[in-house]
>>> print(open('entry_3.csv').read())   # CSV, C-alpha atoms
chain,number,residue,atom,x,y,z
A,1,MET,CA,0.0,0.0,0.0
A,2,PRO,CA,1.4,3.5,-0.8
A,3,ALA,CA,3.0,5.3,2.1
A,4,ASP,CA,0.8,8.4,1.8
A,5,LEU,CA,-2.5,6.4,1.6
A,6,PRO,CA,-4.6,7.3,4.7
A,7,LEU,CA,-5.7,4.3,6.8
A,8,GLU,CA,-8.8,5.9,8.0
A,9,GLU,CA,-11.9,6.4,5.8
A,10,PRO,CA,-11.5,9.3,3.3
A,11,THR,CA,-13.8,12.1,4.0
A,12,ARG,CA,-15.1,12.1,0.5
A,13,ARG,CA,-17.0,9.4,-1.3
A,14,VAL,CA,-15.1,7.1,-3.7
A,15,ASN,CA,-16.8,8.8,-6.5
A,16,ALA,CA,-16.5,12.3,-4.9
A,17,ARG,CA,-19.4,13.5,-7.0
A,18,THR,CA,-22.9,14.8,-6.6
A,19,GLU,CA,-23.8,13.9,-10.1
A,20,PRO,CA,-22.5,11.5,-12.8
A,21,ARG,CA,-19.7,12.2,-15.1
A,22,GLY,CA,-20.3,13.7,-18.5
A,23,GLU,CA,-22.1,11.5,-21.0
A,24,HIS,CA,-19.4,11.9,-23.6
A,25,VAL,CA,-16.6,10.4,-21.4
A,26,TRP,CA,-17.9,8.1,-18.8
A,27,THR,CA,-20.6,6.4,-20.9
A,28,ARG,CA,-18.0,5.4,-23.5
A,29,THR,CA,-15.5,4.3,-20.9
A,30,PHE,CA,-18.1,2.2,-19.1
A,31,ARG,CA,-18.6,-0.1,-22.1
A,32,LEU,CA,-15.1,-1.4,-21.2
A,33,TRP,CA,-16.4,-2.3,-17.7
A,34,ASP,CA,-19.3,-4.1,-19.3
A,35,THR,CA,-16.9,-6.1,-21.4
A,36,TYR,CA,-14.6,-6.8,-18.5
A,37,PHE,CA,-17.5,-8.0,-16.3
A,38,ALA,CA,-18.8,-10.3,-19.2
A,39,ILE,CA,-15.3,-11.8,-19.7
A,40,VAL,CA,-14.7,-12.5,-16.0
A,41,TRP,CA,-18.1,-14.0,-15.5
A,42,LEU,CA,-17.7,-16.2,-18.6
A,43,ALA,CA,-14.2,-17.3,-17.6
A,44,THR,CA,-15.5,-18.1,-14.0
A,45,LEU,CA,-18.3,-20.2,-15.5
A,46,VAL,CA,-15.8,-22.1,-17.7
A,47,PHE,CA,-13.5,-22.8,-14.8
A,48,VAL,CA,-16.3,-23.9,-12.6
A,49,LEU,CA,-17.7,-26.3,-15.2
A,50,GLY,CA,-14.3,-27.5,-16.3
A,51,THR,CA,-12.7,-28.4,-13.0
A,52,ALA,CA,-12.3,-32.0,-11.8
A,53,GLU,CA,-13.8,-31.5,-8.3
A,54,PRO,CA,-16.3,-31.6,-6.8
A,55,ALA,CA,-18.8,-33.8,-8.6
A,56,TRP,CA,-20.5,-32.6,-11.8
A,57,PRO,CA,-23.9,-32.0,-10.2
A,58,VAL,CA,-22.3,-29.6,-7.7
A,59,ARG,CA,-20.4,-27.9,-10.4
A,60,LEU,CA,-23.5,-27.6,-12.6
A,61,GLY,CA,-25.6,-26.2,-9.7
A,62,THR,CA,-22.8,-23.7,-8.9
A,63,GLY,CA,-22.8,-22.6,-12.5
A,64,GLY,CA,-26.5,-22.1,-12.3
A,65,LEU,CA,-26.1,-20.0,-9.1
A,66,LEU,CA,-23.7,-17.7,-11.1
A,67,VAL,CA,-26.3,-16.9,-13.7
A,68,PRO,CA,-28.4,-14.4,-11.7
A,69,LEU,CA,-25.4,-12.2,-11.4
A,70,VAL,CA,-25.8,-11.2,-15.1
A,71,PRO,CA,-29.4,-9.8,-15.0
A,72,TRP,CA,-28.7,-8.3,-11.6
A,73,TYR,CA,-25.8,-6.4,-13.0
A,74,VAL,CA,-27.6,-5.4,-16.2
A,75,ALA,CA,-30.9,-4.4,-14.7
A,76,TYR,CA,-29.7,-2.8,-11.4
A,77,GLY,CA,-26.0,-2.6,-11.0
A,78,ARG,CA,-25.0,-0.9,-14.3
A,79,THR,CA,-27.1,2.2,-13.5
A,80,VAL,CA,-25.6,2.4,-10.0
A,81,LEU,CA,-22.1,2.0,-11.2
A,82,MET,CA,-22.5,4.5,-14.1
A,83,THR,CA,-23.6,7.1,-11.5
A,84,GLU,CA,-20.7,6.0,-9.3
A,85,GLY,CA,-22.9,5.4,-6.3
A,86,VAL,CA,-24.6,8.8,-6.1
A,87,ASN,CA,-27.7,7.1,-4.7
A,88,GLU,CA,-26.0,5.5,-1.7
A,89,ARG,CA,-29.0,3.3,-0.8
A,90,ARG,CA,-29.2,1.8,-4.3
A,91,ALA,CA,-25.4,1.2,-4.3
A,92,VAL,CA,-25.5,-0.7,-1.0
A,93,THR,CA,-28.4,-2.7,-2.2
A,94,TYR,CA,-26.7,-3.7,-5.4
A,95,ILE,CA,-23.3,-4.6,-3.9
A,96,ALA,CA,-25.0,-6.6,-1.0
A,97,GLY,CA,-27.1,-8.5,-3.6
A,98,ALA,CA,-24.1,-9.2,-5.8
A,99,VAL,CA,-22.0,-10.4,-2.9
A,100,ALA,CA,-24.8,-12.6,-1.6
A,101,MET,CA,-25.2,-14.2,-5.0
A,102,TYR,CA,-21.4,-14.8,-5.2
A,103,LEU,CA,-20.9,-16.3,-1.7
A,104,MET,CA,-22.8,-19.6,-2.2
A,105,PRO,CA,-21.0,-20.5,-5.5
A,106,GLY,CA,-17.7,-19.4,-3.9
A,107,VAL,CA,-18.2,-21.8,-1.0
A,108,LEU,CA,-19.2,-24.7,-3.3
A,109,VAL,CA,-16.4,-24.5,-5.9
A,110,GLY,CA,-13.1,-22.7,-5.2
A,111,GLU,CA,-12.7,-21.7,-8.9
A,112,THR,CA,-15.7,-19.4,-8.4
A,113,ARG,CA,-13.4,-17.0,-6.6
A,114,LEU,CA,-12.2,-15.8,-10.0
A,115,MET,CA,-15.4,-13.7,-10.0
A,116,ALA,CA,-13.9,-11.5,-7.3
A,117,PHE,CA,-11.8,-9.8,-10.0
A,118,ALA,CA,-15.1,-8.4,-11.3
A,119,LEU,CA,-16.8,-7.6,-7.9
A,120,VAL,CA,-13.9,-5.9,-6.1
A,121,PRO,CA,-13.7,-2.9,-8.6
A,122,GLN,CA,-17.4,-2.5,-8.4
A,123,CYS,CA,-17.2,-2.2,-4.6
A,124,PHE,CA,-14.8,0.7,-4.9
A,125,ILE,CA,-16.8,2.4,-7.6
A,126,GLY,CA,-20.1,2.3,-5.9
A,127,LEU,CA,-19.4,2.5,-2.1
A,128,ARG,CA,-17.6,4.7,0.4
A,129,TYR,CA,-14.1,3.6,1.2
A,130,ARG,CA,-14.9,1.9,4.6
A,131,ARG,CA,-18.0,0.1,3.2
A,132,ALA,CA,-16.0,-0.9,0.1
A,133,MET,CA,-13.3,-2.4,2.3
A,134,ILE,CA,-15.9,-4.4,4.3
A,135,ALA,CA,-17.4,-5.8,1.1
A,136,VAL,CA,-14.0,-6.6,-0.4
A,137,THR,CA,-13.0,-8.4,2.8
A,138,VAL,CA,-16.1,-10.5,2.7
A,139,VAL,CA,-15.6,-11.2,-1.1
A,140,ASN,CA,-12.0,-12.4,-0.5
A,141,LEU,CA,-12.2,-14.2,2.9
A,142,ALA,CA,-15.7,-15.5,3.3
A,143,PRO,CA,-15.7,-18.0,0.4
A,144,VAL,CA,-12.4,-19.6,1.7
A,145,VAL,CA,-13.8,-20.0,5.2
A,146,GLY,CA,-17.1,-21.5,4.0
A,147,TRP,CA,-15.2,-23.7,1.5
A,148,ALA,CA,-12.9,-25.0,4.3
A,149,LEU,CA,-15.9,-25.7,6.6
A,150,LEU,CA,-18.0,-27.4,3.9
A,151,TRP,CA,-15.4,-29.7,2.4
A,152,ASP,CA,-12.8,-32.0,3.8
A,153,ILE,CA,-9.7,-30.0,2.8
A,154,ASP,CA,-6.1,-31.0,3.6
A,155,GLY,CA,-3.9,-28.6,5.4
A,156,GLN,CA,-1.7,-27.7,2.4
A,157,ASP,CA,-4.6,-26.7,0.2
A,158,LEU,CA,-6.2,-24.7,3.1
A,159,PHE,CA,-2.9,-22.9,3.7
A,160,PHE,CA,-2.3,-21.9,0.1
A,161,ASN,CA,-5.9,-20.8,-0.4
A,162,SER,CA,-5.8,-18.8,2.7
A,163,VAL,CA,-2.5,-17.1,1.7
A,164,PHE,CA,-4.0,-16.4,-1.7
A,165,ALA,CA,-7.1,-14.8,-0.2
A,166,VAL,CA,-5.1,-12.6,2.2
A,167,VAL,CA,-2.7,-11.5,-0.6
A,168,THR,CA,-5.7,-10.7,-2.8
A,169,LEU,CA,-7.3,-8.7,0.0
A,170,VAL,CA,-4.2,-6.6,0.5
A,171,PHE,CA,-3.8,-6.1,-3.2
A,172,SER,CA,-7.4,-5.1,-3.5
A,173,ALA,CA,-7.0,-2.6,-0.6
A,174,ALA,CA,-3.9,-1.1,-2.2
A,175,LEU,CA,-5.4,-0.9,-5.6
A,176,GLY,CA,-8.7,0.5,-4.3
A,177,GLY,CA,-6.9,3.2,-2.3
A,178,TRP,CA,-4.8,4.1,-5.4
A,179,THR,CA,-7.9,4.2,-7.5
A,180,ILE,CA,-9.6,6.5,-5.1
A,181,ARG,CA,-6.7,8.9,-5.2
A,182,ILE,CA,-6.7,8.8,-9.0
A,183,MET,CA,-10.4,9.4,-9.2
A,184,ASP,CA,-10.2,12.3,-6.7
A,185,GLN,CA,-7.4,13.9,-8.7
A,186,SER,CA,-9.3,13.4,-11.9
A,187,GLN,CA,-12.3,15.1,-10.4
A,188,GLU,CA,-10.3,18.0,-9.1
A,189,ARG,CA,-8.7,18.4,-12.6
A,190,ALA,CA,-12.2,18.2,-14.2
A,191,GLU,CA,-13.4,20.9,-11.8
A,192,LEU,CA,-10.4,23.1,-12.7
A,193,ILE,CA,-11.0,22.6,-16.4
A,194,ALA,CA,-14.7,23.5,-15.9
A,195,GLU,CA,-13.6,26.7,-14.0
A,196,LEU,CA,-11.1,27.5,-16.7
A,197,ASP,CA,-13.8,27.1,-19.4
A,198,ALA,CA,-16.1,29.3,-17.4
A,199,SER,CA,-13.4,31.9,-16.9
A,200,ARG,CA,-12.6,31.8,-20.6
A,201,GLU,CA,-16.3,32.4,-21.5
A,202,GLU,CA,-16.4,35.2,-19.0
A,203,VAL,CA,-13.3,36.8,-20.4
A,204,ALA,CA,-14.6,36.4,-23.9
A,205,GLN,CA,-17.9,38.1,-22.9
A,206,LEU,CA,-16.0,40.9,-21.2
A,207,PHE,CA,-13.9,41.5,-24.3
A,208,ALA,CA,-17.0,41.4,-26.4
A,209,ASP,CA,-18.8,43.9,-24.1
A,210,ARG,CA,-15.7,46.1,-24.1
A,211,GLY,CA,-15.4,46.0,-27.8
A,212,ALA,CA,-19.1,46.9,-28.2
A,213,LEU,CA,-18.7,49.8,-25.8
A,214,ALA,CA,-15.6,51.0,-27.6
A,215,GLU,CA,-17.4,50.8,-30.9
A,216,ARG,CA,-20.4,52.6,-29.5
A,217,GLU,CA,-18.1,55.4,-28.2
A,218,ARG,CA,-16.3,55.5,-31.6
A,219,MET,CA,-19.5,55.8,-33.5
A,220,SER,CA,-20.7,58.5,-31.1
A,221,ARG,CA,-17.6,60.6,-31.8
A,222,GLU,CA,-17.9,60.0,-35.5
A,223,ILE,CA,-21.5,61.1,-35.6
A,224,HIS,CA,-20.8,64.1,-33.4
A,225,ASP,CA,-17.8,65.2,-35.5
A,226,THR,CA,-19.7,64.8,-38.8
A,227,LEU,CA,-23.4,64.5,-38.9
A,228,ALA,CA,-24.2,66.5,-35.7
A,229,GLN,CA,-21.9,69.3,-36.7
A,230,GLY,CA,-23.3,69.4,-40.2
A,231,PHE,CA,-26.9,69.6,-38.9
A,232,THR,CA,-25.9,72.4,-36.5
A,233,SER,CA,-24.4,74.3,-39.5
A,234,VAL,CA,-27.6,73.8,-41.5
A,235,LEU,CA,-29.7,75.1,-38.6
A,236,MET,CA,-27.5,78.2,-38.2
A,237,LEU,CA,-27.7,78.8,-42.0
A,238,VAL,CA,-31.5,78.4,-41.9
A,239,GLN,CA,-31.7,81.1,-39.2
A,240,ALA,CA,-29.4,83.4,-41.2
A,241,VAL,CA,-31.4,82.9,-44.4
A,242,GLU,CA,-34.7,83.7,-42.5
A,243,ALA,CA,-33.2,87.0,-41.5
A,244,GLU,CA,-31.7,87.8,-44.9
A,245,LEU,CA,-34.7,87.0,-47.2
A,246,THR,CA,-36.2,90.5,-46.8
A,247,THR,CA,-32.9,92.5,-46.4
A,248,ASP,CA,-30.1,90.8,-48.4
A,249,VAL,CA,-31.4,88.3,-51.0
A,250,PRO,CA,-27.9,87.8,-52.6
A,251,GLN,CA,-26.4,86.8,-49.2
A,252,ALA,CA,-29.4,84.6,-48.6
A,253,ARG,CA,-28.8,82.8,-51.9
A,254,ARG,CA,-25.1,82.3,-50.9
A,255,HIS,CA,-26.2,80.8,-47.6
A,256,LEU,CA,-28.7,78.5,-49.4
A,257,ALA,CA,-25.9,77.3,-51.6
A,258,LEU,CA,-23.8,76.7,-48.5
A,259,MET,CA,-26.7,74.8,-46.9
A,260,ALA,CA,-26.9,72.5,-50.0
A,261,ASP,CA,-23.1,71.9,-49.9
A,262,THR,CA,-23.3,71.1,-46.2
A,263,ALA,CA,-26.2,68.7,-46.7
A,264,ARG,CA,-24.3,66.9,-49.5
A,265,GLN,CA,-21.2,66.7,-47.3
A,266,ASN,CA,-23.3,65.2,-44.5
A,267,LEU,CA,-24.8,62.7,-46.9
A,268,ALA,CA,-21.3,61.7,-48.1
A,269,GLU,CA,-20.1,61.4,-44.4
A,270,ALA,CA,-23.1,59.2,-43.6
A,271,ARG,CA,-22.4,56.9,-46.5
A,272,ALA,CA,-18.7,56.7,-45.4
A,273,LEU,CA,-19.7,55.8,-41.8
A,274,VAL,CA,-22.0,53.0,-43.1
A,275,ALA,CA,-19.3,51.7,-45.4
A,276,GLY,CA,-16.6,52.0,-42.7
A,277,GLY,CA,-14.4,54.0,-45.1
A,278,ALA,CA,-12.2,57.0,-44.6
A,279,PRO,CA,-13.7,60.5,-44.0
A,280,VAL,CA,-14.9,62.2,-47.1
A,281,ASP,CA,-12.2,64.9,-47.0
A,282,LEU,CA,-9.5,62.3,-46.7
A,283,ASP,CA,-10.8,60.0,-49.4
A,284,GLY,CA,-8.2,60.0,-52.1
A,285,ALA,CA,-6.5,63.2,-50.7
A,286,THR,CA,-3.5,64.0,-48.5
A,287,LEU,CA,-4.0,65.4,-45.0
A,288,PRO,CA,-2.9,68.9,-45.9
A,289,ASP,CA,-5.4,68.9,-48.8
A,290,ALA,CA,-8.2,67.6,-46.6
A,291,LEU,CA,-7.5,70.4,-44.0
A,292,LEU,CA,-7.5,73.0,-46.9
A,293,ARG,CA,-10.9,71.9,-48.0
A,294,LEU,CA,-12.2,71.8,-44.5
A,295,ALA,CA,-10.8,75.2,-43.6
A,296,ALA,CA,-12.3,76.7,-46.9
A,297,ARG,CA,-15.8,75.8,-45.8
A,298,HIS,CA,-15.2,77.6,-42.5
A,299,GLY,CA,-13.3,80.6,-43.9
A,300,ALA,CA,-10.1,79.7,-42.0
A,301,GLU,CA,-6.4,80.1,-43.1
A,302,VAL,CA,-4.1,77.0,-43.3
A,303,GLU,CA,-0.4,76.9,-42.8
A,304,VAL,CA,1.6,73.7,-43.3
A,305,SER,CA,5.2,73.4,-42.1
A,306,GLY,CA,7.7,70.6,-42.3
A,307,ALA,CA,7.9,67.8,-44.9
A,308,ALA,CA,4.4,66.6,-45.5
A,309,ARG,CA,4.3,62.8,-45.9
A,310,PRO,CA,1.7,60.0,-45.7
A,311,LEU,CA,1.1,58.8,-42.2
A,312,ALA,CA,-1.0,56.0,-40.7
A,313,PRO,CA,-4.7,56.6,-41.6
A,314,GLY,CA,-5.6,56.5,-37.9
A,315,LEU,CA,-3.4,59.5,-37.2
A,316,GLU,CA,-4.7,61.5,-40.1
A,317,VAL,CA,-8.3,60.9,-39.1
A,318,VAL,CA,-7.6,62.1,-35.6
A,319,VAL,CA,-6.0,65.3,-36.9
A,320,LEU,CA,-8.9,65.9,-39.3
A,321,ARG,CA,-11.6,65.3,-36.7
A,322,GLY,CA,-9.7,67.5,-34.2
A,323,CYS,CA,-9.7,70.3,-36.7
A,324,GLN,CA,-13.4,69.8,-37.5
A,325,GLU,CA,-14.2,70.0,-33.8
A,326,ALA,CA,-12.2,73.2,-33.2
A,327,LEU,CA,-13.7,74.9,-36.3
A,328,SER,CA,-17.2,73.8,-35.4
A,329,ASN,CA,-16.8,75.4,-31.9
A,330,VAL,CA,-15.6,78.6,-33.5
A,331,ARG,CA,-18.7,78.7,-35.7
A,332,LYS,CA,-21.0,78.0,-32.7
A,333,HIS,CA,-19.5,80.4,-30.2
A,334,ALA,CA,-17.7,83.2,-32.2
A,335,ALA,CA,-18.9,85.8,-34.6
A,336,PRO,CA,-19.1,84.9,-38.4
A,337,ASP,CA,-16.1,87.1,-39.3
A,338,THR,CA,-13.8,85.7,-36.6
A,339,THR,CA,-10.3,85.1,-37.8
A,340,VAL,CA,-9.3,81.5,-37.6
A,341,HIS,CA,-5.8,80.2,-38.3
A,342,VAL,CA,-4.9,76.5,-38.7
A,343,ARG,CA,-1.3,75.3,-38.5
A,344,LEU,CA,-0.2,71.7,-39.3
A,345,ALA,CA,3.5,71.0,-38.5
A,346,TYR,CA,5.4,67.8,-39.5
A,347,THR,CA,8.5,66.9,-37.6
A,348,ALA,CA,10.5,63.7,-37.4
A,349,ALA,CA,9.0,62.6,-34.1
A,350,ASP,CA,5.5,64.0,-34.1
A,351,LEU,CA,2.6,65.7,-35.9
A,352,THR,CA,1.1,68.9,-34.4
A,353,LEU,CA,-2.2,70.6,-35.2
A,354,VAL,CA,-2.9,74.1,-33.9
A,355,VAL,CA,-6.2,75.8,-34.4
A,356,ARG,CA,-6.2,79.4,-33.1
A,357,ASP,CA,-9.2,81.8,-33.2
A,358,ALA,CA,-9.8,85.4,-32.1
A,359,GLY,CA,-13.2,84.7,-30.7
A,360,PRO,CA,-14.6,85.5,-27.3
A,361,GLY,CA,-12.8,82.7,-25.5
A,362,PHE,CA,-13.8,81.3,-22.1
A,363,ALA,CA,-12.6,81.1,-18.6
A,364,PRO,CA,-10.2,78.2,-18.0
A,365,GLY,CA,-12.1,77.3,-14.8
A,366,ALA,CA,-15.4,77.0,-16.5
A,367,PRO,CA,-17.3,73.8,-15.8
A,368,GLY,CA,-16.9,70.7,-17.9
A,369,ASP,CA,-16.2,70.7,-21.6
A,370,GLY,CA,-18.9,69.6,-24.0
A,371,PHE,CA,-19.0,66.1,-25.6
A,372,GLY,CA,-17.0,67.3,-28.5
A,373,LEU,CA,-13.9,68.3,-26.6
A,374,ARG,CA,-14.1,65.2,-24.4
A,375,GLY,CA,-14.4,63.1,-27.5
A,376,LEU,CA,-11.4,64.9,-29.0
A,377,ARG,CA,-9.3,64.2,-26.0
A,378,ALA,CA,-10.4,60.5,-26.0
A,379,ARG,CA,-9.6,60.1,-29.7
A,380,VAL,CA,-6.2,61.7,-29.3
A,381,ALA,CA,-5.4,59.6,-26.2
A,382,GLU,CA,-6.2,56.4,-28.1
A,383,VAL,CA,-3.2,57.1,-30.4
A,384,GLY,CA,-0.9,58.2,-27.6
A,385,GLY,CA,-1.2,61.9,-28.2
A,386,THR,CA,-2.2,65.0,-26.2
A,387,ALA,CA,-4.9,67.6,-26.7
A,388,VAL,CA,-4.7,71.0,-24.9
A,389,VAL,CA,-7.3,73.7,-25.0
A,390,ASP,CA,-5.9,77.1,-24.0
A,391,SER,CA,-8.4,80.0,-23.7
A,392,THR,CA,-8.8,83.4,-22.1
A,393,PRO,CA,-12.0,85.5,-22.0
A,394,GLY,CA,-11.8,88.1,-24.8
A,395,ALA,CA,-8.5,86.7,-26.2
A,396,GLY,CA,-9.6,83.8,-28.2
A,397,THR,CA,-9.0,80.0,-28.0
A,398,THR,CA,-6.2,77.8,-29.1
A,399,VAL,CA,-6.6,74.0,-29.6
A,400,THR,CA,-3.3,72.1,-29.8
A,401,VAL,CA,-3.2,68.5,-30.8
A,402,ARG,CA,0.2,66.7,-30.7
A,403,LEU,CA,0.5,63.1,-32.0
A,404,PRO,CA,3.6,60.9,-31.9
A,405,VAL,CA,4.7,59.5,-35.2
A,406,PRO,CA,5.7,55.8,-35.1
A,407,GLU,CA,9.0,55.0,-36.6
A,408,ARG,CA,7.5,52.8,-39.2
A,409,THR,CA,5.8,55.8,-40.8
A,410,LEU,CA,9.1,57.7,-41.1
A,411,SER,CA,10.7,57.8,-44.5
>>> encode(input="entry_3.csv", output="structure tokens")
Amino acid sequence: MPADLPLEEPTRRVNARTEPRGEHVWTRTFRLWDTYFAIVWLATLVFVLGTAEPAWPVRLGTGGLLVPLVPWYVAYGRTVLMTEGVNERRAVTYIAGAVAMYLMPGVLVGETRLMAFALVPQCFIGLRYRRAMIAVTVVNLAPVVGWALLWDIDGQDLFFNSVFAVVTLVFSAALGGWTIRIMDQSQERAELIAELDASREEVAQLFADRGALAERERMSREIHDTLAQGFTSVLMLVQAVEAELTTDVPQARRHLALMADTARQNLAEARALVAGGAPVDLDGATLPDALLRLAARHGAEVEVSGAARPLAPGLEVVVLRGCQEALSNVRKHAAPDTTVHVRLAYTAADLTLVVRDAGPGFAPGAPGDGFGLRGLRARVAEVGGTAVVDSTPGAGTTVTVRLPVPERTLS
């Protein structure tokens, strides 16, 4: 017996389960136990009928006594063993019945004790350790004692059969204890695997939720920076046209044309959002060209310094959206004729956008920025950049976006 095997009854059941194993593993494995039981039973019957002693009527009767073990196993025991003795009462009933059916043939013909090789594993599968050891002891020793009392056995045969029974009992105890430890370890491993699978599913769900939230935030920023700003511009132009229809028709016509351009721009941006493509201004154009087109719609001046070069699309989109947000804020909060200057600077290590206006400005300690500036800062932070808004009441506002340029984009 292994040195670390406890002598007292383990605190857990042999099966250590509250429900049977998974159908896909244990059911297939149990077919081997069915085959094993059938082979041992058939071999026992052959040995009993083929031995020389006792007389053939006794041997034939012993073989007949072995027959009920088969339907008892099929109708009752198989279910008990497949569930590994979850129903303790049914397990005790089955093992007790099987042992009782085995004892009489075991007493009559010594070769019947071969059947113990099928019954001992069933004891450890279906019963608690202590009850299993009691049943195993009975299976191994009781037939020898009854056989010795029933028949006139010489001392040598009795000695060898007794030694064989004791050795078989010790081997059964050692094998049963080892089996229990293996089953417990397998159950612990199965529980760990189940926990790991559950954790993987939870992590996958968290990633999916996080991805959905990030996509929702991205779409919110895109809609704010494109469609929402375009609709705001249209509303402002409608208000201007209403005031100009009776006083300045030519100016009203110009504003109507601008409204039409803005609506077309919004439609193109909406289609780009649905298709997942680049912003309209960047579609087939460089970043400086896109800023020139954007600034022209807002009446702003653009200055580009440094060697302009293609950069990662993500960086260019951040710069374009940052410029859109800054120019939109100027349109909403400053006078129509406010001077706005846009500067784009390329350096070896970073890309800088500065949008400066001469509007009314605001106090630095004013409560929270709107969604647009928060979205701008979030968008810039995603690519490792910084966004700074510097403003003073009456002295205008400056928005500075600085983005690091990865080495792979340098040329």
>>> residues_around(input="entry_3.csv", residues="Ala252 (chain A)", least_positions_apart="3", cutoff="12 Å", atoms="only C-alpha atoms", output="JSON, numbers by chain")
{"A": [237, 238, 239, 240, 241, 242, 243, 244, 245, 246, 247, 248, 249, 255, 256, 257, 258, 259]}
>>> write_last_selection(input="entry_3.csv", atoms="C-alpha atoms", output="PDB file, in the coordinates of the input")
ATOM      1  CA  LEU A 237     -27.700  78.800 -42.000  1.00  0.00           C
ATOM      2  CA  VAL A 238     -31.500  78.400 -41.900  1.00  0.00           C
ATOM      3  CA  GLN A 239     -31.700  81.100 -39.200  1.00  0.00           C
ATOM      4  CA  ALA A 240     -29.400  83.400 -41.200  1.00  0.00           C
ATOM      5  CA  VAL A 241     -31.400  82.900 -44.400  1.00  0.00           C
ATOM      6  CA  GLU A 242     -34.700  83.700 -42.500  1.00  0.00           C
ATOM      7  CA  ALA A 243     -33.200  87.000 -41.500  1.00  0.00           C
ATOM      8  CA  GLU A 244     -31.700  87.800 -44.900  1.00  0.00           C
ATOM      9  CA  LEU A 245     -34.700  87.000 -47.200  1.00  0.00           C
ATOM     10  CA  THR A 246     -36.200  90.500 -46.800  1.00  0.00           C
ATOM     11  CA  THR A 247     -32.900  92.500 -46.400  1.00  0.00           C
ATOM     12  CA  ASP A 248     -30.100  90.800 -48.400  1.00  0.00           C
ATOM     13  CA  VAL A 249     -31.400  88.300 -51.000  1.00  0.00           C
ATOM     14  CA  HIS A 255     -26.200  80.800 -47.600  1.00  0.00           C
ATOM     15  CA  LEU A 256     -28.700  78.500 -49.400  1.00  0.00           C
ATOM     16  CA  ALA A 257     -25.900  77.300 -51.600  1.00  0.00           C
ATOM     17  CA  LEU A 258     -23.800  76.700 -48.500  1.00  0.00           C
ATOM     18  CA  MET A 259     -26.700  74.800 -46.900  1.00  0.00           C
TER      19      MET A 259
END
>>> atom_distance(input="entry_3.csv", atom1="CA of Gly314 (chain A)", atom2="CA of Ala204 (chain A)")
26.1 Å
>>> closest_residue(input="entry_3.csv", among="A:Ala100, A:Leu206, A:Leu42, A:Met183", to="Glu84 (chain A)", atoms="only C-alpha atoms")
A:Met183
>>> residues_around(input="entry_3.csv", residues="region 288-291 of chain A", least_positions_apart="4", cutoff="12 Å", atoms="all atoms listed in the file", output="mmCIF file with C-alpha atoms, in the frame of the given file")
data_model
loop_
_atom_site.group_PDB
_atom_site.id
_atom_site.type_symbol
_atom_site.label_atom_id
_atom_site.label_comp_id
_atom_site.auth_asym_id
_atom_site.auth_seq_id
_atom_site.Cartn_x
_atom_site.Cartn_y
_atom_site.Cartn_z
ATOM 1 C CA ALA A 278 -12.200 57.000 -44.600
ATOM 2 C CA PRO A 279 -13.700 60.500 -44.000
ATOM 3 C CA VAL A 280 -14.900 62.200 -47.100
ATOM 4 C CA ASP A 281 -12.200 64.900 -47.000
ATOM 5 C CA LEU A 282 -9.500 62.300 -46.700
ATOM 6 C CA ASP A 283 -10.800 60.000 -49.400
ATOM 7 C CA GLY A 284 -8.200 60.000 -52.100
ATOM 8 C CA ALA A 295 -10.800 75.200 -43.600
ATOM 9 C CA ALA A 296 -12.300 76.700 -46.900
ATOM 10 C CA ARG A 297 -15.800 75.800 -45.800
ATOM 11 C CA HIS A 298 -15.200 77.600 -42.500
ATOM 12 C CA GLY A 299 -13.300 80.600 -43.900
ATOM 13 C CA ALA A 300 -10.100 79.700 -42.000
ATOM 14 C CA GLU A 301 -6.400 80.100 -43.100
ATOM 15 C CA VAL A 302 -4.100 77.000 -43.300
ATOM 16 C CA GLU A 303 -0.400 76.900 -42.800
ATOM 17 C CA VAL A 304 1.600 73.700 -43.300
ATOM 18 C CA SER A 305 5.200 73.400 -42.100
ATOM 19 C CA GLY A 306 7.700 70.600 -42.300
ATOM 20 C CA ALA A 307 7.900 67.800 -44.900
ATOM 21 C CA ALA A 308 4.400 66.600 -45.500
ATOM 22 C CA ARG A 309 4.300 62.800 -45.900
ATOM 23 C CA PRO A 310 1.700 60.000 -45.700
ATOM 24 C CA LEU A 311 1.100 58.800 -42.200
ATOM 25 C CA GLU A 316 -4.700 61.500 -40.100
ATOM 26 C CA VAL A 317 -8.300 60.900 -39.100
ATOM 27 C CA VAL A 318 -7.600 62.100 -35.600
ATOM 28 C CA VAL A 319 -6.000 65.300 -36.900
ATOM 29 C CA LEU A 320 -8.900 65.900 -39.300
ATOM 30 C CA ARG A 321 -11.600 65.300 -36.700
ATOM 31 C CA GLY A 322 -9.700 67.500 -34.200
ATOM 32 C CA CYS A 323 -9.700 70.300 -36.700
ATOM 33 C CA GLN A 324 -13.400 69.800 -37.500
ATOM 34 C CA LEU A 327 -13.700 74.900 -36.300
ATOM 35 C CA HIS A 341 -5.800 80.200 -38.300
ATOM 36 C CA VAL A 342 -4.900 76.500 -38.700
ATOM 37 C CA ARG A 343 -1.300 75.300 -38.500
ATOM 38 C CA LEU A 344 -0.200 71.700 -39.300
ATOM 39 C CA ALA A 345 3.500 71.000 -38.500
ATOM 40 C CA TYR A 346 5.400 67.800 -39.500
ATOM 41 C CA LEU A 351 2.600 65.700 -35.900
ATOM 42 C CA LEU A 353 -2.200 70.600 -35.200
ATOM 43 C CA VAL A 354 -2.900 74.100 -33.900
ATOM 44 C CA VAL A 355 -6.200 75.800 -34.400
#
>>> residues_around(input="entry_3.csv", residues="region 388-390 of chain A", least_positions_apart="6", cutoff="6 Å", atoms="all atoms listed in the file", output="list in words")
Thr397, Thr398, Val399 and Thr400 of chain A
